>>> print(open('data_31.txt').read())   # compact mmCIF, C-alpha atoms
# COMPACT_ATOMS: atom_id res chain seq x y z
CA MET Y 3 1.17 28.05 -2.19
CA SER Y 4 4.57 29.67 -2.20
CA PHE Y 5 7.63 27.63 -2.94
CA CYS Y 6 10.80 28.07 -1.00
CA CYS Y 7 13.76 29.55 -2.74
CA GLY Y 8 15.35 26.26 -2.18
CA VAL Y 9 17.30 24.18 0.03
CA ARG Y 10 17.72 22.54 -3.37
CA ARG Y 11 20.44 25.00 -4.32
CA ARG Y 12 22.86 23.99 -1.65
CA TRP Y 13 25.63 26.31 -2.76
CA LEU Y 14 23.42 29.36 -3.05
CA LEU Y 15 21.55 29.23 0.21
CA PRO Y 16 24.41 29.94 2.66
CA LEU Y 17 25.46 32.81 0.45
CA LEU Y 18 21.95 34.28 0.33
CA MET Y 19 21.50 33.89 4.04
CA SER Y 20 24.86 35.43 4.82
CA ILE Y 21 23.85 38.63 3.05
CA GLY Y 22 20.57 38.75 4.94
CA LEU Y 23 18.10 37.46 2.40
CA VAL Y 24 15.19 35.68 3.91
CA CYS Y 25 13.76 32.63 2.31
CA ALA Y 26 10.33 32.83 0.69
CA ASP Y 27 8.95 30.33 3.22
CA GLY Y 28 8.46 33.20 5.66
CA GLY Y 29 11.52 32.62 7.78
CA VAL Y 30 11.04 29.01 8.81
CA SER Y 31 14.51 28.23 7.44
CA ASP Y 32 16.04 30.71 9.88
CA GLU Y 33 14.41 29.29 12.98
CA ILE Y 34 16.96 27.85 15.35
CA ARG Y 35 16.11 24.46 16.78
CA PHE Y 36 17.89 21.86 18.82
CA PHE Y 37 18.36 18.65 16.89
CA ALA Y 38 19.11 15.29 18.48
CA ILE Y 39 19.08 12.75 15.69
CA PRO Y 40 21.06 9.55 16.30
CA PRO Y 41 22.57 7.62 13.38
CA GLN Y 42 19.80 5.67 11.63
CA SER Y 43 18.22 5.19 8.24
CA LEU Y 44 17.89 8.41 6.26
CA GLU Y 45 14.14 7.77 6.08
CA THR Y 46 13.56 7.95 9.84
CA ALA Y 47 16.32 10.56 10.32
CA LEU Y 48 14.41 12.94 8.05
CA VAL Y 49 11.19 12.30 9.95
CA SER Y 50 13.01 13.11 13.21
CA TYR Y 51 14.42 16.21 11.58
CA ALA Y 52 10.93 17.35 10.58
CA GLU Y 53 9.50 16.63 14.02
CA GLN Y 54 12.29 18.56 15.71
CA ALA Y 55 12.10 21.44 13.21
CA ARG Y 56 8.31 21.46 13.68
CA LEU Y 57 7.78 20.89 10.01
CA GLN Y 58 5.52 18.48 8.22
CA ILE Y 59 7.20 16.10 5.81
CA ILE Y 60 6.05 13.51 3.32
CA PHE Y 61 7.75 11.26 0.79
CA ARG Y 62 7.41 7.87 -0.84
CA ALA Y 63 8.53 5.16 1.56
CA ASP Y 64 10.77 3.54 -1.06
CA LEU Y 65 12.52 6.79 -2.05
CA LEU Y 66 15.32 6.61 0.54
CA GLU Y 67 15.65 2.86 0.76
CA GLY Y 68 19.19 1.76 1.53
CA HIS Y 69 20.36 5.25 2.55
CA TYR Y 70 21.75 5.89 6.01
CA SER Y 71 22.37 9.04 7.99
CA PRO Y 72 25.11 9.72 10.55
CA GLY Y 73 22.56 11.87 12.40
CA LEU Y 74 22.85 15.36 13.78
CA ASN Y 75 23.30 16.86 17.24
CA GLY Y 76 23.16 20.46 18.38
CA SER Y 77 21.49 23.78 17.66
CA TYR Y 78 21.12 24.66 14.02
CA THR Y 79 18.93 26.81 11.86
CA VAL Y 80 16.42 24.67 10.02
CA SER Y 81 18.22 25.25 6.72
CA ALA Y 82 21.64 24.42 8.17
CA ALA Y 83 20.24 21.21 9.64
CA THR Y 84 18.76 20.35 6.26
CA MET Y 85 22.09 20.83 4.56
CA ALA Y 86 23.99 18.88 7.19
CA LEU Y 87 21.61 15.93 6.90
CA LEU Y 88 21.36 15.85 3.13
CA ALA Y 89 24.89 16.79 2.04
CA LYS Y 90 26.17 14.29 -0.52
CA THR Y 91 23.06 12.15 -0.30
CA GLY Y 92 21.67 13.13 -3.67
CA PHE Y 93 18.41 14.26 -2.07
CA SER Y 94 17.01 17.65 -1.23
CA LEU Y 95 14.02 19.13 0.54
CA HIS Y 96 11.70 21.74 -0.75
CA PHE Y 97 8.83 23.63 0.76
CA VAL Y 98 5.41 22.99 -0.75
CA GLY Y 99 3.47 24.72 2.03
CA PRO Y 100 4.18 27.17 4.85
CA ARG Y 101 5.44 24.37 7.11
CA THR Y 102 5.48 21.35 4.81
CA VAL Y 103 8.47 19.92 2.98
CA VAL Y 104 8.83 17.07 0.51
CA VAL Y 105 11.94 15.10 -0.39
CA ASP Y 106 13.25 15.18 -3.95
CA ALA Y 107 15.87 13.09 -5.61
CA GLU Y 108 18.37 15.47 -7.20
CA LEU Y 109 19.14 14.95 -10.82
CA PRO Y 110 22.72 14.00 -11.64
CA ALA Y 111 24.82 17.08 -12.34
CA ASP Y 112 25.01 16.48 -16.08
CA HIS Y 113 21.22 16.55 -16.32
CA ARG Y 114 20.74 19.97 -14.79
CA MET G 28 -21.33 -26.00 52.77
CA ARG G 29 -19.80 -28.39 50.29
CA SER G 30 -20.20 -25.89 47.44
CA ASP G 31 -18.86 -23.07 49.60
CA LEU G 32 -15.69 -25.06 50.16
CA ASP G 33 -15.38 -25.75 46.43
CA ARG G 34 -15.89 -22.09 45.71
CA CYS G 35 -13.28 -21.19 48.25
CA GLU G 36 -10.75 -23.58 46.71
CA LEU G 37 -11.47 -22.27 43.25
CA ALA G 38 -11.17 -18.67 44.40
CA THR G 39 -7.79 -19.48 45.93
CA HIS G 40 -6.73 -21.32 42.79
CA TRP G 41 -7.62 -18.44 40.47
CA PHE G 42 -6.15 -15.86 42.78
CA LEU G 43 -2.82 -17.67 42.88
CA ARG G 44 -2.83 -18.13 39.11
CA LEU G 45 -3.29 -14.39 38.65
CA GLN G 46 -0.28 -13.75 40.88
CA ASP G 47 1.90 -15.90 38.65
CA SER G 48 3.88 -13.97 36.06
CA ALA G 49 3.52 -16.94 33.68
CA VAL G 50 -0.28 -16.75 33.67
CA THR G 51 -1.73 -17.02 30.15
CA MET G 52 -4.48 -14.91 28.62
CA GLU G 53 -6.73 -17.96 28.60
CA GLU G 54 -6.23 -18.38 32.34
CA ILE G 55 -6.94 -14.72 32.95
CA ASP G 56 -10.09 -15.00 30.87
CA ALA G 57 -11.13 -18.14 32.70
CA ALA G 58 -10.43 -16.50 36.04
CA LEU G 59 -12.42 -13.39 35.19
CA GLU G 60 -15.22 -15.53 33.79
CA TRP G 61 -15.39 -17.57 36.96
CA ILE G 62 -15.32 -14.46 39.16
CA ASP G 63 -18.04 -12.76 37.14
CA ALA G 64 -20.20 -15.89 37.05
CA SER G 65 -21.87 -15.16 40.38
CA GLU G 66 -21.89 -12.72 43.24
CA GLN G 67 -20.75 -15.48 45.62
CA ASN G 68 -17.76 -16.24 43.41
CA ARG G 69 -16.77 -12.61 43.37
CA LEU G 70 -17.08 -12.28 47.14
CA ALA G 71 -15.07 -15.45 47.66
CA PHE G 72 -12.35 -14.14 45.39
CA GLU G 73 -12.25 -10.80 47.17
CA ARG G 74 -11.94 -12.53 50.50
CA VAL G 75 -8.97 -14.54 49.28
CA GLU G 76 -7.42 -11.32 48.09
CA ALA G 77 -8.18 -9.61 51.37
CA CYS G 78 -6.49 -12.44 53.28
CA TRP G 79 -3.48 -12.22 51.01
CA HIS G 80 -3.06 -8.53 51.71
CA LEU G 81 -3.72 -8.92 55.43
CA GLN G 82 -0.89 -11.41 55.47
CA ALA G 83 1.49 -8.80 54.17
CA PRO G 84 1.09 -5.73 56.36
CA GLN G 85 4.47 -4.40 55.25
CA GLU G 86 3.21 -4.07 51.72
CA MET G 87 2.20 -0.76 50.30
CA PRO G 88 -1.46 0.14 50.77
CA ALA G 89 -3.75 -0.87 47.93
CA ASP G 90 -3.94 2.63 46.54
CA THR G 91 -0.22 3.31 46.39
CA LEU G 92 1.19 3.22 42.92
CA THR G 93 4.80 2.32 43.49
CA SER G 94 5.70 -1.31 43.65
CA ARG G 95 7.77 -3.05 46.26
CA PRO G 96 9.16 -6.55 46.14
CA ARG G 97 7.17 -9.09 48.07
CA ARG G 98 8.90 -10.10 51.25
CA VAL G 99 6.75 -12.96 52.41
CA PRO G 100 7.86 -16.31 51.00
CA THR G 101 5.28 -17.60 48.60
CA TYR G 102 4.93 -21.02 50.15
CA GLY G 103 4.31 -19.49 53.56
CA ARG G 104 1.61 -17.40 51.98
CA ILE G 105 -0.03 -20.30 50.25
CA ALA G 106 -0.13 -22.17 53.55
CA ALA G 107 -1.55 -19.10 55.25
CA LEU G 108 -4.11 -18.73 52.50
CA ALA G 109 -5.17 -22.35 52.77
CA LEU G 110 -5.70 -21.84 56.47
CA LEU G 111 -7.47 -18.52 56.08
CA ALA G 112 -9.56 -19.86 53.26
CA VAL G 113 -11.13 -22.18 55.78
CA ILE G 114 -11.37 -19.55 58.49
CA PHE G 115 -13.07 -16.84 56.54
CA LEU G 116 -16.01 -19.01 55.69
CA GLY G 117 -17.19 -18.13 59.15
CA LEU G 118 -16.64 -14.43 58.71
CA GLY G 119 -19.31 -11.96 57.80
CA ALA G 120 -19.94 -10.97 54.23
CA ASP G 121 -18.96 -7.34 54.70
CA SER G 122 -15.59 -7.26 53.04
CA PRO G 123 -13.41 -4.23 53.67
CA TRP G 124 -12.44 -4.30 50.00
CA MET G 125 -14.06 -2.22 47.38
CA PRO G 126 -16.40 -4.23 45.21
CA ALA G 127 -15.58 -4.36 41.51
CA SER G 128 -16.92 -1.24 39.89
CA ALA G 129 -19.11 -1.37 36.82
CA PRO G 130 -17.26 -1.05 33.49
CA ALA G 131 -16.79 2.59 32.50
CA HIS G 132 -16.94 3.81 28.93
CA TYR G 133 -14.96 6.67 27.44
CA ALA G 134 -15.22 7.93 23.87
CA THR G 135 -13.88 10.87 21.89
CA ALA G 136 -15.14 12.70 18.82
CA VAL G 137 -13.13 13.22 15.61
CA GLY G 138 -10.23 15.55 16.40
CA GLU G 139 -10.69 15.26 20.15
CA THR G 140 -8.08 13.79 22.47
CA ARG G 141 -8.73 13.22 26.12
CA ASP G 142 -6.71 12.37 29.23
CA ILE G 143 -8.30 9.97 31.68
CA VAL G 144 -7.00 8.97 35.09
CA LEU G 145 -8.05 5.44 36.01
CA PRO G 146 -8.85 4.39 39.59
CA ASP G 147 -5.33 3.03 40.24
CA GLY G 148 -3.62 6.17 38.93
CA SER G 149 -2.84 4.71 35.50
CA ARG G 150 -3.33 7.31 32.79
CA VAL G 151 -4.89 6.91 29.40
CA THR G 152 -4.68 9.39 26.56
CA LEU G 153 -7.50 8.65 24.18
CA GLY G 154 -6.95 9.58 20.53
CA GLY G 155 -9.48 11.08 18.15
CA ALA G 156 -12.62 9.06 17.36
CA SER G 157 -11.58 6.44 19.89
CA ASP G 158 -13.47 4.39 22.39
CA ILE G 159 -12.45 2.33 25.43
CA ALA G 160 -14.30 0.32 28.06
CA VAL G 161 -12.54 0.12 31.41
CA ASP G 162 -13.31 -2.92 33.52
CA TYR G 163 -11.40 -2.62 36.77
CA HIS G 164 -11.40 -5.38 39.32
CA PRO G 165 -9.39 -5.52 42.50
CA TYR G 166 -7.39 -8.35 40.90
CA ALA G 167 -7.02 -7.31 37.27
CA ARG G 168 -7.15 -4.13 35.30
CA ARG G 169 -8.84 -4.71 32.01
CA VAL G 170 -9.40 -2.23 29.21
CA VAL G 171 -11.07 -2.98 25.89
CA LEU G 172 -10.03 -0.77 22.98
CA VAL G 173 -13.29 -0.71 21.07
CA ASP G 174 -12.10 1.73 18.39
CA GLY G 175 -9.23 4.06 17.56
CA GLU G 176 -6.07 4.53 19.56
CA ALA G 177 -5.01 4.98 23.16
CA LEU G 178 -1.74 5.52 25.00
CA PHE G 179 -1.48 3.83 28.39
CA ARG G 180 0.83 4.94 31.18
CA VAL G 181 0.36 2.08 33.55
CA ALA G 182 0.85 2.44 37.29
CA LYS G 183 3.05 -0.37 38.57
CA ARG G 184 1.03 -3.00 40.41
CA PRO G 185 2.77 -6.38 40.26
CA ASP G 186 -0.24 -8.10 41.80
CA ARG G 187 -2.66 -6.67 39.28
CA PRO G 188 -1.97 -7.21 35.59
CA PHE G 189 -3.03 -4.43 33.21
CA ILE G 190 -4.59 -5.90 30.10
CA VAL G 191 -5.70 -4.11 26.96
CA GLU G 192 -7.84 -6.17 24.62
CA ALA G 193 -8.44 -5.24 20.99
CA ALA G 194 -9.87 -7.34 18.18
CA GLY G 195 -8.88 -10.87 19.10
CA GLY G 196 -5.65 -10.12 20.91
CA SER G 197 -4.37 -8.45 23.99
CA ALA G 198 -1.43 -6.57 25.44
CA ARG G 199 -0.52 -7.21 29.03
CA ALA G 200 1.71 -5.04 31.15
CA LEU G 201 2.63 -4.61 34.78
CA GLY G 202 3.90 -1.04 34.70
CA THR G 203 4.87 0.65 31.49
CA THR G 204 3.88 3.12 28.77
CA PHE G 205 2.48 1.65 25.60
CA ASN G 206 0.16 2.53 22.76
CA VAL G 207 -2.56 0.42 21.15
CA ARG G 208 -4.03 1.47 17.84
CA ARG G 209 -6.73 -0.11 15.71
CA GLY G 210 -6.20 0.71 12.08
CA ALA G 211 -6.45 -0.51 8.51
CA GLU G 212 -3.57 -2.99 8.98
CA GLY G 213 -4.89 -4.46 12.23
CA VAL G 214 -4.04 -3.73 15.84
CA THR G 215 -0.61 -2.22 16.52
CA VAL G 216 0.95 -2.32 19.98
CA SER G 217 3.96 -0.01 20.51
CA VAL G 218 6.08 0.16 23.65
CA ALA G 219 7.49 3.51 24.83
CA GLU G 220 8.68 2.22 28.18
CA GLY G 221 8.97 -1.13 29.95
CA LEU G 222 7.83 -4.49 28.65
CA VAL G 223 4.51 -5.63 27.19
CA GLN G 224 3.32 -9.10 26.31
CA VAL G 225 1.10 -9.31 23.25
CA GLN G 226 -0.99 -12.42 22.86
CA LEU G 227 -3.63 -13.61 20.44
CA LYS G 228 -6.79 -15.10 21.84
CA GLY G 229 -7.17 -18.84 21.47
CA GLY G 230 -3.71 -19.29 20.00
CA ASP G 231 -0.21 -19.88 21.22
CA ASP G 232 1.11 -16.86 19.38
CA SER G 233 2.58 -14.34 21.72
CA VAL G 234 5.51 -11.96 21.79
CA ARG G 235 7.27 -9.98 24.50
CA LEU G 236 7.91 -6.46 23.34
CA PRO G 237 10.63 -4.46 25.06
CA ILE G 238 10.93 -0.66 24.92
CA GLY G 239 11.24 0.70 21.40
CA ASN G 240 9.44 -2.17 19.71
CA GLU G 241 6.05 -2.59 18.11
CA VAL G 242 4.03 -5.37 16.54
CA THR G 243 0.87 -5.55 14.46
CA TYR G 244 -1.66 -8.37 14.65
CA SER G 245 -4.71 -9.05 12.56
CA GLN G 246 -6.90 -11.94 11.49
CA THR G 247 -3.91 -13.31 9.62
CA GLY G 248 -1.94 -13.57 12.86
CA LEU G 249 0.85 -11.87 14.72
CA GLY G 250 3.36 -10.00 12.56
CA ALA G 251 7.10 -9.67 13.12
CA SER G 252 8.07 -7.14 15.74
CA ARG G 253 9.97 -4.08 14.55
CA THR G 254 11.75 -1.18 16.17
CA VAL G 255 10.08 2.15 16.79
CA ASN G 256 11.37 5.39 18.26
CA PRO G 257 9.88 5.44 21.80
CA GLU G 258 9.35 9.20 21.59
CA ARG G 259 7.34 8.72 18.43
CA VAL G 260 5.00 6.31 20.23
CA VAL G 261 3.73 9.19 22.37
CA GLY G 262 4.04 11.84 19.63
CA TRP G 263 0.38 11.84 18.67
CA THR G 264 -0.59 12.96 22.16
CA ARG G 265 1.21 16.22 21.29
CA GLY G 266 -0.70 16.46 18.02
CA VAL G 267 2.03 15.03 15.75
CA LEU G 268 1.13 11.95 13.72
CA THR G 269 4.04 10.05 12.22
CA PHE G 270 3.86 7.35 9.58
CA ILE G 271 6.86 5.21 8.76
CA ASP G 272 6.42 3.16 5.59
CA ARG G 273 2.63 2.83 5.81
CA PRO G 274 0.11 2.24 3.02
CA LEU G 275 -1.89 5.34 2.10
CA VAL G 276 -5.13 3.63 3.10
CA ALA G 277 -3.87 3.16 6.67
CA VAL G 278 -2.53 6.71 6.82
CA VAL G 279 -5.88 8.09 5.69
CA ALA G 280 -7.76 5.95 8.23
CA ASP G 281 -5.59 7.37 11.03
CA LEU G 282 -5.90 10.94 9.72
CA ASN G 283 -9.68 10.62 9.61
CA ARG G 284 -9.69 10.36 13.38
CA TYR G 285 -8.42 13.95 13.46
CA SER G 286 -9.42 15.63 10.20
CA PRO G 287 -12.48 17.89 10.38
CA ARG G 288 -13.07 17.02 6.72
CA LEU G 289 -13.50 13.39 5.73
CA ILE G 290 -10.63 12.11 3.60
CA THR G 291 -11.46 9.49 0.98
CA ILE G 292 -9.39 7.53 -1.52
CA GLU G 293 -11.26 7.05 -4.76
CA ASP G 294 -8.89 4.79 -6.66
CA GLU G 295 -7.93 1.31 -5.59
CA ALA G 296 -4.54 1.76 -7.28
CA ILE G 297 -3.27 4.39 -4.85
CA ARG G 298 -4.51 2.78 -1.63
CA SER G 299 -1.48 0.55 -1.27
CA ILE G 300 1.22 3.14 -2.10
CA ARG G 301 3.51 3.33 0.92
CA VAL G 302 4.47 6.69 2.33
CA THR G 303 6.57 8.04 5.17
CA GLY G 304 5.91 11.34 6.83
CA SER G 305 4.97 13.45 9.78
CA VAL G 306 1.90 15.66 10.06
CA THR G 307 0.36 17.87 12.73
CA VAL G 308 -3.35 17.52 13.41
CA GLY G 309 -3.83 21.19 12.48
CA GLY G 310 -2.02 20.82 9.15
CA ILE G 311 -3.66 17.78 7.60
CA ALA G 312 -5.02 19.54 4.49
CA GLU G 313 -1.66 21.24 3.81
CA TRP G 314 0.08 17.88 4.16
CA LEU G 315 -2.36 16.15 1.80
CA ARG G 316 -1.81 18.90 -0.76
CA ALA G 317 1.90 18.11 -0.55
CA LEU G 318 1.06 14.56 -1.61
CA GLU G 319 0.48 15.88 -5.12
CA ASN G 320 4.22 16.66 -5.28
CA VAL G 321 5.18 13.20 -4.12
CA LEU G 322 2.81 10.70 -5.71
CA ALA G 323 0.76 10.51 -8.83
CA VAL G 324 -2.36 11.66 -6.98
CA GLU G 325 -4.69 14.61 -7.09
CA LEU G 326 -6.39 16.15 -4.11
CA HIS G 327 -9.90 17.46 -4.67
CA GLU G 328 -11.35 19.63 -1.96
CA THR G 329 -15.08 19.62 -2.53
CA GLY G 330 -18.24 19.36 -0.52
CA GLY G 331 -16.47 19.39 2.81
CA GLN G 332 -14.42 16.37 1.76
CA LEU G 333 -10.82 15.78 0.80
CA ARG G 334 -10.76 13.27 -2.04
CA LEU G 335 -7.58 11.61 -3.24
CA ARG G 336 -7.50 10.00 -6.65
CA SER G 337 -5.26 9.12 -9.55
CA PRO G 338 -4.77 11.89 -12.09
CA ARG G 339 -7.27 11.58 -14.93
CA PRO G 340 -5.99 11.77 -18.49
CA SER G 341 -6.31 15.30 -19.87
CA GLY G 342 -9.54 15.91 -21.72
CA PRO G 343 -12.42 18.32 -22.08
CA MET G 344 -13.96 17.19 -18.79
CA HIS G 345 -10.72 17.64 -16.94
CA GLY G 346 -10.63 21.41 -16.79
CA LYS G 347 -13.56 21.54 -14.39
CA ASP G 348 -11.90 19.15 -11.96
CA ARG G 349 -8.68 21.09 -11.95
CA ALA G 350 -10.47 24.27 -10.96
CA ASP G 351 -11.28 23.11 -7.45
CA THR G 352 -7.71 22.23 -6.59
CA ALA G 353 -6.25 25.56 -7.63
>>> encode(input="data_31.txt", output="structure tokens")
Amino acid sequence: MSFCCGVRRRWLLPLLMSIGLVCADGGVSDEIRFFAIPPQSLETALVSYAEQARLQIIFRADLLEGHYSPGLNGSYTVSAATMALLAKTGFSLHFVGPRTVVVDAELPADHR
Amino acid sequence: MRSDLDRCELATHWFLRLQDSAVTMEEIDAALEWIDASEQNRLAFERVEACWHLQAPQEMPADTLTSRPRRVPTYGRIAALALLAVIFLGLGADSPWMPASAPAHYATAVGETRDIVLPDGSRVTLGGASDIAVDYHPYARRVVLVDGEALFRVAKRPDRPFIVEAAGGSARALGTTFNVRRGAEGVTVSVAEGLVQVQLKGGDDSVRLPIGNEVTYSQTGLGASRTVNPERVVGWTRGVLTFIDRPLVAVVADLNRYSPRLITIEDEAIRSIRVTGSVTVGGIAEWLRALENVLAVELHETGGQLRLRSPRPSGPMHGKDRADTA
């Protein structure tokens, strides 16, 4: 099962994409989708994101407890939508299957 | 003659109760029980109904789905019914109204979903490994969810309540879209459109669920209602199953209605772990493999089964087990 190069590296991905590198997930990250995600808990926002990106997603129900999302509206690539939703949340997505993502808690910067 | 008059009064009584929006499940049950008790009762009831409709020629025909407000004052109708109830005793038995049809049964296999159009135009989407019995009467539309899950898009018929019964409770709607699912946690009723009343049999517990709400009931009673994305209520009919904060045991039970390979949980400890996620019916195995990244579980794909269990401590016996997950 191939692992994506990583939405995890938020700074690197836009750079890689801008010079035409395609993610190891086979291009799913480049697919453009329309997202209509109203403000809600981050838990259900990420499920909506996955449904609208036609991805599968799974995470522990208590992982995102107490986190909220302002939502997202408009056409985005899957990776851009991911970044918009998860910026500054301390969480990231990574591919564990061709169309399946899981949610990770990012380690604090001084632990990297 | 005496008993015919009694029957006529009772038929009128039950018919009027069923027209009342405040009718309880117990009354509906009692009414249906009385109607089903004998052929004469049923005929008497259908005559009362026929009179009621004859009194309202401006109403939509019986087969039309759209509703229209009643224009005849109720008291005038009751008076007319009382009069007609006496008159029709002298009429012949050949009612112009369709007799109640025999209950119909629909069932699906694992992984199969099926769309069914009911006699009044209401539509049912039956989930995988699901089973319903449809018991349509001219005066009530009754569906029993025997197993699994079904989404109901109910044609509006204010004079004919639509009732879905499942495991000791029921959901009653006049015209709406709602889902009823039997699962590990009990029976869950979710409303995608309109308003549904959920009621437990033999108890006073009931709740009115507006659009975007759901409730679960079980032997322990009626739970608190919670919000749900209305679009997600119908999502499974497009092959997308969504779980918001559900115990793994309930998730697996739902997945097993779609998975070609039986999924089992081997350790008690992981059954109650709560997960959130979204999975397509074609991607169940891929999604379960992802679980290994999320929880302390291992997925073993052997013998046509998908087995979830807690990781075993490393040891000489362990290497063999690891091989079949690679």
>>> interface_residues(input="data_31.txt", of="chain G", to="chain Y", cutoff="7 Å", atoms="all atoms listed in the file", output="PyMOL selection string")
chain G and resi 272+301-307+313-314+317+321
>>> axis_aligned_box(input="data_31.txt", around="region 34-43 of chain G", padding_each_side="4 Å", output="lines of an AutoDock Vina configuration file")
center_x = -9.4
center_y = -19.7
center_z = 44.4
size_x = 21.1
size_y = 15.7
size_z = 15.8
>>> atom_distance(input="data_31.txt", atom1="CA of Ser94 (chain Y)", atom2="CA of Gln42 (chain Y)")
17.8 Å
>>> atom_distance(input="data_31.txt", atom1="CA of Phe179 (chain G)", atom2="CA of Ala47 (chain Y)")
26.2 Å
>>> atom_distance(input="data_31.txt", atom1="CA of Arg209 (chain G)", atom2="CA of Ala277 (chain G)")
10.0 Å
>>> decode(input="data_31.txt", residues="region 328-340 of chain G", atoms="N, CA, C and O atoms", output="PDB file, in the first residue's frame")
ATOM      1  N   GLU G 328      -6.771 -11.190   7.106  1.00  0.00           N
ATOM      2  CA  GLU G 328      -7.624 -11.563   5.987  1.00  0.00           C
ATOM      3  C   GLU G 328      -7.373 -13.028   5.669  1.00  0.00           C
ATOM      4  O   GLU G 328      -6.447 -13.380   4.966  1.00  0.00           O
ATOM      5  N   THR G 329      -8.197 -13.874   6.258  1.00  0.00           N
ATOM      6  CA  THR G 329      -7.994 -15.314   6.055  1.00  0.00           C
ATOM      7  C   THR G 329      -9.339 -16.005   5.847  1.00  0.00           C
ATOM      8  O   THR G 329     -10.360 -15.575   6.387  1.00  0.00           O
ATOM      9  N   GLY G 330      -9.278 -17.068   5.104  1.00  0.00           N
ATOM     10  CA  GLY G 330     -10.457 -17.921   4.938  1.00  0.00           C
ATOM     11  C   GLY G 330     -11.713 -17.179   4.520  1.00  0.00           C
ATOM     12  O   GLY G 330     -12.793 -17.484   4.992  1.00  0.00           O
ATOM     13  N   GLY G 331     -11.545 -16.197   3.653  1.00  0.00           N
ATOM     14  CA  GLY G 331     -12.719 -15.461   3.196  1.00  0.00           C
ATOM     15  C   GLY G 331     -13.322 -14.580   4.265  1.00  0.00           C
ATOM     16  O   GLY G 331     -14.452 -14.117   4.125  1.00  0.00           O
ATOM     17  N   GLN G 332     -12.592 -14.354   5.345  1.00  0.00           N
ATOM     18  CA  GLN G 332     -13.093 -13.500   6.425  1.00  0.00           C
ATOM     19  C   GLN G 332     -12.138 -12.347   6.680  1.00  0.00           C
ATOM     20  O   GLN G 332     -10.952 -12.421   6.364  1.00  0.00           O
ATOM     21  N   LEU G 333     -12.664 -11.301   7.245  1.00  0.00           N
ATOM     22  CA  LEU G 333     -11.855 -10.174   7.699  1.00  0.00           C
ATOM     23  C   LEU G 333     -11.981 -10.151   9.211  1.00  0.00           C
ATOM     24  O   LEU G 333     -13.057  -9.888   9.740  1.00  0.00           O
ATOM     25  N   ARG G 334     -10.880 -10.471   9.893  1.00  0.00           N
ATOM     26  CA  ARG G 334     -10.952 -10.582  11.351  1.00  0.00           C
ATOM     27  C   ARG G 334     -10.180  -9.451  12.007  1.00  0.00           C
ATOM     28  O   ARG G 334      -9.004  -9.248  11.721  1.00  0.00           O
ATOM     29  N   LEU G 335     -10.851  -8.728  12.881  1.00  0.00           N
ATOM     30  CA  LEU G 335     -10.207  -7.642  13.615  1.00  0.00           C
ATOM     31  C   LEU G 335      -9.892  -8.115  15.019  1.00  0.00           C
ATOM     32  O   LEU G 335     -10.726  -8.724  15.685  1.00  0.00           O
ATOM     33  N   ARG G 336      -8.669  -7.852  15.477  1.00  0.00           N
ATOM     34  CA  ARG G 336      -8.343  -8.221  16.843  1.00  0.00           C
ATOM     35  C   ARG G 336      -7.240  -7.328  17.398  1.00  0.00           C
ATOM     36  O   ARG G 336      -6.589  -6.590  16.663  1.00  0.00           O
ATOM     37  N   SER G 337      -7.073  -7.397  18.705  1.00  0.00           N
ATOM     38  CA  SER G 337      -6.006  -6.628  19.342  1.00  0.00           C
ATOM     39  C   SER G 337      -4.674  -7.214  18.925  1.00  0.00           C
ATOM     40  O   SER G 337      -4.569  -8.424  18.717  1.00  0.00           O
ATOM     41  N   PRO G 338      -3.647  -6.369  18.818  1.00  0.00           N
ATOM     42  CA  PRO G 338      -2.326  -6.897  18.487  1.00  0.00           C
ATOM     43  C   PRO G 338      -1.868  -7.853  19.576  1.00  0.00           C
ATOM     44  O   PRO G 338      -2.068  -7.587  20.758  1.00  0.00           O
ATOM     45  N   ARG G 339      -1.309  -8.978  19.164  1.00  0.00           N
ATOM     46  CA  ARG G 339      -0.772  -9.939  20.135  1.00  0.00           C
ATOM     47  C   ARG G 339       0.654  -9.523  20.481  1.00  0.00           C
ATOM     48  O   ARG G 339       1.350  -8.969  19.634  1.00  0.00           O
ATOM     49  N   PRO G 340       1.077  -9.796  21.709  1.00  0.00           N
ATOM     50  CA  PRO G 340       2.474  -9.503  22.040  1.00  0.00           C
ATOM     51  C   PRO G 340       3.391 -10.275  21.099  1.00  0.00           C
ATOM     52  O   PRO G 340       3.065 -11.397  20.701  1.00  0.00           O
TER      53      PRO G 340
END
